[in-house]
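Below: protein.txt (compact mmCIF, C-alpha atoms)
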# COMPACT_ATOMS: atom_id res chain seq x y z
CA MET B 1 0.00 0.00 0.00
CA ALA B 2 2.71 2.48 0.98
CA GLY B 3 4.61 1.96 -2.26
CA GLN B 4 1.61 2.12 -4.54
CA CYS B 5 -0.55 5.05 -5.60
CA PRO B 6 -3.78 4.67 -3.60
CA CYS B 7 -5.78 5.86 -6.60
CA THR B 8 -5.23 2.52 -8.32
CA ALA B 9 -7.69 0.68 -6.11
CA LEU B 10 -10.34 3.40 -6.40
CA ARG B 11 -10.07 4.60 -9.98
CA THR B 12 -12.93 2.53 -11.44
CA GLY B 13 -15.37 2.96 -8.55
CA THR B 14 -14.88 6.67 -8.08
CA ALA B 15 -15.29 7.43 -11.76
CA ALA B 16 -18.62 5.64 -11.72
CA ARG B 17 -19.80 7.84 -8.88
CA GLY B 18 -18.78 11.07 -10.60
CA MET B 19 -15.89 11.65 -8.22
CA VAL B 20 -12.27 12.25 -9.11
CA CYS B 21 -9.39 10.56 -7.34
CA LEU B 22 -6.25 12.62 -7.12
CA ASP B 23 -3.38 11.14 -9.11
CA ILE B 24 -0.24 11.49 -7.04
CA SER B 25 3.16 10.52 -8.43
CA GLY B 26 6.71 10.45 -7.21
CA THR B 27 8.12 10.26 -3.71
CA GLU B 28 5.18 12.03 -2.07
CA ALA B 29 2.77 9.35 -3.28
CA ARG B 30 4.84 6.61 -1.66
CA HIS B 31 4.78 8.26 1.74
CA SER B 32 1.50 10.19 2.06
CA VAL B 33 -2.04 10.38 0.75
CA LYS B 34 -4.59 13.14 0.49
CA ALA B 35 -6.93 13.13 3.50
CA TRP B 36 -8.67 16.52 3.60
CA ASP B 37 -9.81 18.78 0.78
CA ARG B 38 -9.03 22.50 0.76
CA PRO B 39 -12.58 23.74 1.55
CA THR B 40 -12.75 21.54 4.67
CA ARG B 41 -9.37 22.79 5.88
CA LEU B 42 -10.29 26.42 5.21
CA PHE B 43 -13.52 25.95 7.14
CA HIS B 44 -11.64 24.56 10.12
CA TRP B 45 -9.11 27.39 10.41
CA VAL B 46 -11.46 30.23 9.48
CA LEU B 47 -13.96 29.00 12.09
CA LEU B 48 -11.21 28.96 14.71
CA LEU B 49 -10.18 32.49 13.73
CA LEU B 50 -13.77 33.73 13.94
CA ILE B 51 -14.21 32.21 17.41
CA VAL B 52 -11.08 34.05 18.55
CA VAL B 53 -12.35 37.27 16.95
CA SER B 54 -15.71 36.85 18.66
CA TYR B 55 -14.10 36.47 22.06
CA VAL B 56 -11.57 39.29 21.67
CA SER B 57 -14.09 41.71 20.15
CA TYR B 58 -16.43 41.10 23.09
CA ARG B 59 -13.90 40.96 25.91
CA TYR B 60 -11.95 44.02 24.75
CA SER B 61 -14.66 45.97 22.94
CA GLU B 62 -13.96 49.21 24.81
CA ALA B 63 -10.21 49.01 24.22
CA LEU B 64 -10.86 48.35 20.54
CA GLY B 65 -13.16 51.38 20.30
CA ASP B 66 -16.16 49.23 19.46
CA PRO B 67 -18.73 49.72 22.26
CA LEU B 68 -21.56 48.64 19.93
CA LEU B 69 -19.84 45.28 19.35
CA LYS B 70 -20.00 45.52 15.56
CA TRP B 71 -17.08 43.12 15.12
CA HIS B 72 -18.61 40.69 17.58
CA ARG B 73 -21.94 40.69 15.80
CA TRP B 74 -20.39 40.30 12.35
CA SER B 75 -18.17 37.44 13.46
CA GLY B 76 -21.21 35.71 14.97
CA LEU B 77 -23.10 36.00 11.68
CA ALA B 78 -20.08 34.71 9.78
CA ILE B 79 -19.90 31.72 12.13
CA LEU B 80 -23.55 30.91 11.45
CA VAL B 81 -22.92 31.06 7.70
CA LEU B 82 -19.94 28.72 8.07
CA ILE B 83 -21.89 26.21 10.16
CA VAL B 84 -24.67 26.10 7.55
CA TRP B 85 -22.03 25.70 4.85
CA ARG B 86 -20.45 22.79 6.73
CA ILE B 87 -23.82 21.05 6.88
CA PHE B 88 -24.12 21.34 3.11
CA TRP B 89 -20.52 20.20 2.64
CA GLY B 90 -21.19 17.25 4.91
CA VAL B 91 -23.62 16.01 2.27
CA LEU B 92 -22.13 17.28 -0.99
CA GLY B 93 -18.42 17.52 -0.21
CA SER B 94 -15.47 15.15 -0.35
CA SER B 95 -15.62 11.67 1.12
CA THR B 96 -13.85 12.42 4.42
CA ALA B 97 -16.01 15.51 4.97
CA ARG B 98 -19.32 13.71 4.48
CA PHE B 99 -21.31 12.94 7.61
CA SER B 100 -22.11 9.53 6.19
CA SER B 101 -18.41 8.63 6.36
CA PHE B 102 -17.79 9.48 10.01
CA VAL B 103 -21.02 9.94 12.00
CA ARG B 104 -21.51 6.66 13.84
CA GLY B 105 -23.56 5.36 16.74
CA ALA B 106 -22.52 4.79 20.35
CA ARG B 107 -21.29 1.22 19.81
CA PRO B 108 -18.55 2.10 17.26
CA VAL B 109 -17.40 4.97 19.47
CA LEU B 110 -17.19 2.74 22.56
CA GLY B 111 -15.49 0.02 20.55
CA TYR B 112 -12.90 2.45 19.23
CA LEU B 113 -12.23 3.84 22.72
CA GLY B 114 -11.86 0.29 24.05
CA ASP B 115 -9.33 -0.53 21.32
CA LEU B 116 -7.51 2.72 22.04
CA VAL B 117 -7.17 1.88 25.74
CA ALA B 118 -6.08 -1.67 24.89
CA GLY B 119 -3.39 -0.36 22.55
CA ARG B 120 -4.95 -1.79 19.39
CA GLU B 121 -4.21 0.63 16.58
CA ARG B 122 -7.08 1.51 14.25
CA PRO B 123 -6.06 4.36 11.91
CA PHE B 124 -8.67 6.36 10.03
CA LEU B 125 -8.09 8.54 6.98
CA GLY B 126 -10.81 10.95 8.11
CA HIS B 127 -12.26 11.33 11.60
CA ASN B 128 -12.00 8.35 13.91
CA PRO B 129 -15.27 7.53 15.78
CA ALA B 130 -14.26 9.40 18.95
CA GLY B 131 -12.97 12.41 17.02
CA ALA B 132 -16.15 12.42 14.93
CA LEU B 133 -18.24 12.63 18.10
CA MET B 134 -16.21 15.64 19.23
CA VAL B 135 -16.50 17.31 15.83
CA VAL B 136 -20.29 16.94 15.77
CA ALA B 137 -20.53 18.18 19.37
CA LEU B 138 -18.37 21.23 18.62
CA MET B 139 -20.40 22.08 15.52
CA GLY B 140 -23.60 21.86 17.56
CA LEU B 141 -22.18 23.99 20.38
CA VAL B 142 -20.77 26.65 18.06
CA GLY B 143 -24.00 26.79 16.06
CA THR B 144 -26.05 27.06 19.26
CA GLN B 145 -23.78 29.77 20.65
CA ALA B 146 -24.04 31.86 17.48
CA SER B 147 -27.80 31.31 17.26
CA LEU B 148 -28.32 32.49 20.85
CA GLY B 149 -26.41 35.63 19.95
CA LEU B 150 -29.20 36.58 17.54
CA PHE B 151 -31.53 37.13 20.51
CA THR B 152 -29.23 38.66 23.12
CA VAL B 153 -28.91 42.14 24.59
CA GLU B 154 -25.40 42.80 25.82
CA HIS B 155 -24.44 44.03 29.27
CA ASN B 156 -24.04 47.64 28.15
CA ASP B 157 -27.63 47.66 26.78
CA LEU B 158 -26.33 49.54 23.75
CA THR B 159 -26.37 46.66 21.33
CA ALA B 160 -28.43 43.57 20.69
CA GLY B 161 -28.77 40.66 18.32
CA PRO B 162 -30.83 41.27 15.18
CA LEU B 163 -33.77 39.12 16.32
CA TYR B 164 -34.09 40.09 19.98
CA ARG B 165 -37.46 41.77 19.34
CA LEU B 166 -38.97 38.40 18.46
CA VAL B 167 -38.87 37.19 22.08
CA SER B 168 -40.06 38.63 25.37
CA GLU B 169 -37.88 40.78 27.61
CA ASP B 170 -37.57 37.98 30.16
CA ALA B 171 -36.58 35.56 27.43
CA VAL B 172 -33.95 37.99 26.15
CA LYS B 173 -32.38 38.20 29.61
CA LEU B 174 -32.38 34.42 29.95
CA ILE B 175 -30.91 33.86 26.47
CA SER B 176 -28.25 36.49 27.13
CA ARG B 177 -27.17 34.62 30.26
CA TRP B 178 -27.10 31.34 28.35
CA HIS B 179 -25.03 32.97 25.61
CA ARG B 180 -22.31 33.94 28.09
CA TRP B 181 -22.56 30.80 30.22
CA LEU B 182 -22.39 28.38 27.28
CA PHE B 183 -19.19 29.92 25.97
CA HIS B 184 -17.28 30.02 29.25
CA TYR B 185 -18.39 26.72 30.79
CA VAL B 186 -19.16 24.43 27.85
CA LEU B 187 -17.79 25.62 24.50
CA LEU B 188 -14.40 26.86 25.69
CA PRO B 189 -13.64 23.66 27.69
CA ALA B 190 -14.75 21.57 24.69
CA ILE B 191 -12.37 23.48 22.41
CA VAL B 192 -9.50 23.02 24.87
CA LEU B 193 -10.27 19.28 25.11
CA HIS B 194 -10.32 19.02 21.31
CA VAL B 195 -6.94 20.74 20.97
CA VAL B 196 -5.35 18.69 23.76
CA ALA B 197 -6.65 15.43 22.29
CA ASN B 198 -5.19 16.30 18.88
CA ILE B 199 -1.82 17.16 20.42
CA LEU B 200 -1.78 13.89 22.40
CA TYR B 201 -2.57 11.90 19.27
CA GLY B 202 0.41 13.52 17.61
CA VAL B 203 2.77 12.93 20.54
CA LEU B 204 1.65 9.52 21.81
CA LYS B 205 0.16 7.88 18.73
CA ARG B 206 2.36 9.68 16.18
CA GLU B 207 -0.76 10.53 14.19
CA PRO B 208 -0.34 14.06 12.78
CA LEU B 209 -3.95 15.24 13.03
CA ILE B 210 -3.10 18.95 13.26
CA ALA B 211 -0.51 18.78 10.49
CA ALA B 212 -2.99 16.92 8.28
CA MET B 213 -5.54 19.71 8.70
CA LEU B 214 -2.85 22.15 7.53
CA THR B 215 -1.40 20.18 4.61
CA GLY B 216 -4.36 18.00 3.74
CA ARG B 217 -2.16 14.87 3.78
CA LYS B 218 -1.60 11.87 6.05
CA PRO B 219 1.03 9.11 5.96
CA ALA B 220 0.18 6.34 3.50
CA ARG B 221 -1.07 3.27 5.38
CA ASP B 222 -4.03 0.89 5.60
CA TYR B 223 -6.88 3.08 6.84
CA GLU B 224 -10.18 1.61 7.96
CA ASP B 225 -12.29 4.14 6.07
CA GLY B 226 -10.49 3.96 2.74
CA PRO B 227 -7.02 4.49 1.27
CA GLN B 228 -7.64 7.83 -0.46
CA ILE B 229 -10.02 10.78 -0.38
CA GLU B 230 -12.67 11.11 -3.07
CA ILE B 231 -13.03 14.73 -4.15
CA PRO B 232 -15.95 16.00 -6.27
CA PRO B 233 -15.17 17.78 -9.54
CA ARG B 234 -14.25 21.48 -9.16
CA PRO B 235 -14.45 21.43 -5.36
CA LEU B 236 -13.62 25.11 -4.86
CA VAL B 237 -16.39 26.19 -7.26
CA ARG B 238 -18.84 23.87 -5.52
CA ALA B 239 -17.75 25.12 -2.10
CA ALA B 240 -18.07 28.78 -3.17
CA GLY B 241 -21.58 28.18 -4.49
CA LEU B 242 -22.63 26.48 -1.26
CA LEU B 243 -21.09 29.33 0.74
CA ALA B 244 -23.14 31.87 -1.23
CA LEU B 245 -26.27 29.79 -0.64
CA SER B 246 -25.48 29.56 3.08
CA ALA B 247 -25.03 33.33 3.35
CA LEU B 248 -28.31 33.88 1.52
CA LEU B 249 -30.16 31.52 3.86
CA VAL B 250 -28.69 32.97 7.07
CA LEU B 251 -28.72 36.68 6.24
CA GLY B 252 -31.85 36.52 4.13
CA GLY B 253 -33.63 34.57 6.85
CA ILE B 254 -32.74 37.18 9.47
CA VAL B 255 -33.95 40.03 7.27
CA SER B 256 -37.17 38.18 6.43
CA LEU B 257 -37.87 37.87 10.17
CA GLY B 258 -37.49 41.61 10.62
CA GLY B 259 -33.89 41.68 11.81
CA ARG B 260 -31.30 44.22 10.76
CA ILE B 261 -27.92 43.07 9.43
CA LEU B 262 -26.16 46.44 9.26
Have the structure of the file written as structure tokens, please.
Amino acid sequence: MAGQCPCTALRTGTAARGMVCLDISGTEARHSVKAWDRPTRLFHWVLLLLIVVSYVSYRYSEALGDPLLKWHRWSGLAILVLIVWRIFWGVLGSSTARFSSFVRGARPVLGYLGDLVAGRERPFLGHNPAGALMVVALMGLVGTQASLGLFTVEHNDLTAGPLYRLVSEDAVKLISRWHRWLFHYVLLPAIVLHVVANILYGVLKREPLIAAMLTGRKPARDYEDGPQIEIPPRPLVRAAGLLALSALLVLGGIVSLGGRIL
């Protein structure tokens, strides 16, 4: 497997499904395979950047000369657009990005964790069952956090989410508390756990999860979920179209409900 182009085993099947398998030649093909497409990797790092921007723009709004939290609100809307895009990409994107390839039930997750504790190595090209559970949880938490922000009124009472008028005053106060509590006590610890787990995999298991999300490649080996990624034709064009659709749904939906974007 390591000395052979992984596309060989997939060429016939992927063509029949309208997918294209990357042809890799030379030394790189003998030592690594493509694991993540560019849109998935961009989503990952842009989402992380937006979460940092959301926190900094809220925590240091006065120092940044932004008492109305414009940057915070815009980053929250951008996060919502990205989450909707990722849902689309989880259906129409590359093989390792599709939910059908990594979302599993409780039994596979427990089985994988049991094998991990027992020292039985089970490499995955995409998300392993435990990592997939964390990814889905993080997406749900981030999406919930950004959605709550649509209905909040901030502590300075000078700014509010675009849809706060749709709920009662008591509900706004409750949602605003949830918005702050969820970030500090649930989302932030989950992000830290995710980062620590990825670092430990790299150090203890010598599985370069973080590097793979940067380069898109993993070492060539026998993976349980397939030897090589299947990428749809013109993935960047497809991803851009889905991003435009996601922005239209999120921003257009807010406006249609009477919210103001600007």
Closest atom pairs, residues of range 168-244 of chain B within 10 Å of range 76-87 of chain B, only C-alpha atoms, as a tab-separated table:
residue	atom	partner	partner_atom	distance
B:Ala239	CA	B:Trp85	CA	8.2
B:Ala240	CA	B:Trp85	CA	9.5
B:Gly241	CA	B:Trp85	CA	9.7
B:Leu242	CA	B:Trp85	CA	6.2
B:Leu243	CA	B:Trp85	CA	5.6
B:Ala244	CA	B:Trp85	CA	8.7
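The residue that comes closest to Leu47 in chain B, out of B:Gly252, B:Pro129, B:Gly226, B:Gly143 and on the basis of only C-alpha atoms, is B:Gly143.
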Give me the residues near range 194-206 of chain B as JSON, numbers by chain, where near means some atom within 8 Å (using only C-alpha atoms) and where sequence neighbours in that chain fewer than 4 positions away do not count. {"B": [134, 190, 210]}
Computed interatomic separation between CA of Leu262 in chain B and CA of Arg59 in chain B (Å):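 Between CA of Leu262 in chain B and CA of Arg59 in chain B the gap is 21.4 Å.
Closest approach to Met139 in chain B among B:Lys34, B:Trp181, B:Glu62, B:Leu187 is made by B:Leu187 (distances from all atoms listed in the file).
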What is the distance between CA of Leu158 in chain B and CA of Arg260 in chain B, in Å to one decimal? 14.9 Å
Residue nearest Gly258 in chain B - candidates B:Arg234, B:Arg165, B:Arg180, B:Lys70, atoms counted: all atoms listed in the file: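 So, comparing all the options, the nearest one is B:Arg165.
The coordinates place CA of Asp37 in chain B at 9.3 Å from CA of Leu236 in chain B.
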May I ask which of the residues B:Leu92, B:Val46, B:Ile261, B:Leu110 is the closest one to Pro233 in chain B, counting all atoms listed in the file?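 Of B:Leu92, B:Val46, B:Ile261, B:Leu110, the one nearest Pro233 in chain B, counting all atoms listed in the file, is B:Leu92.
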Spatial neighbours of Arg217 in chain B, 9 Å, all atoms listed in the file, chain gap at least 2 places, as a PyMOL selection string: chain B and resi 32-36+211-215+219-220
Identify, on the basis of all atoms listed in the file, every residue whose closest approach to Phe102 in chain B does not exceed 10 Å; exclude the query and any residue fewer than 5 positions from it along the same chain; express the result as a list in words. Gly90, Ser95, Thr96, Ala97, Phe124, Gly126, His127, Asn128, Pro129, Ala130, Gly131, Ala132, Leu133, Val135, Val136 and Asp225 of chain B
Using all atoms listed in the file, which of the listed residues (B:Thr159, B:Glu230, B:Gly216, B:Pro108) sits closest to Ser61 in chain B?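 Ranking B:Thr159, B:Glu230, B:Gly216, B:Pro108 by distance to Ser61 in chain B, first place goes to B:Thr159.
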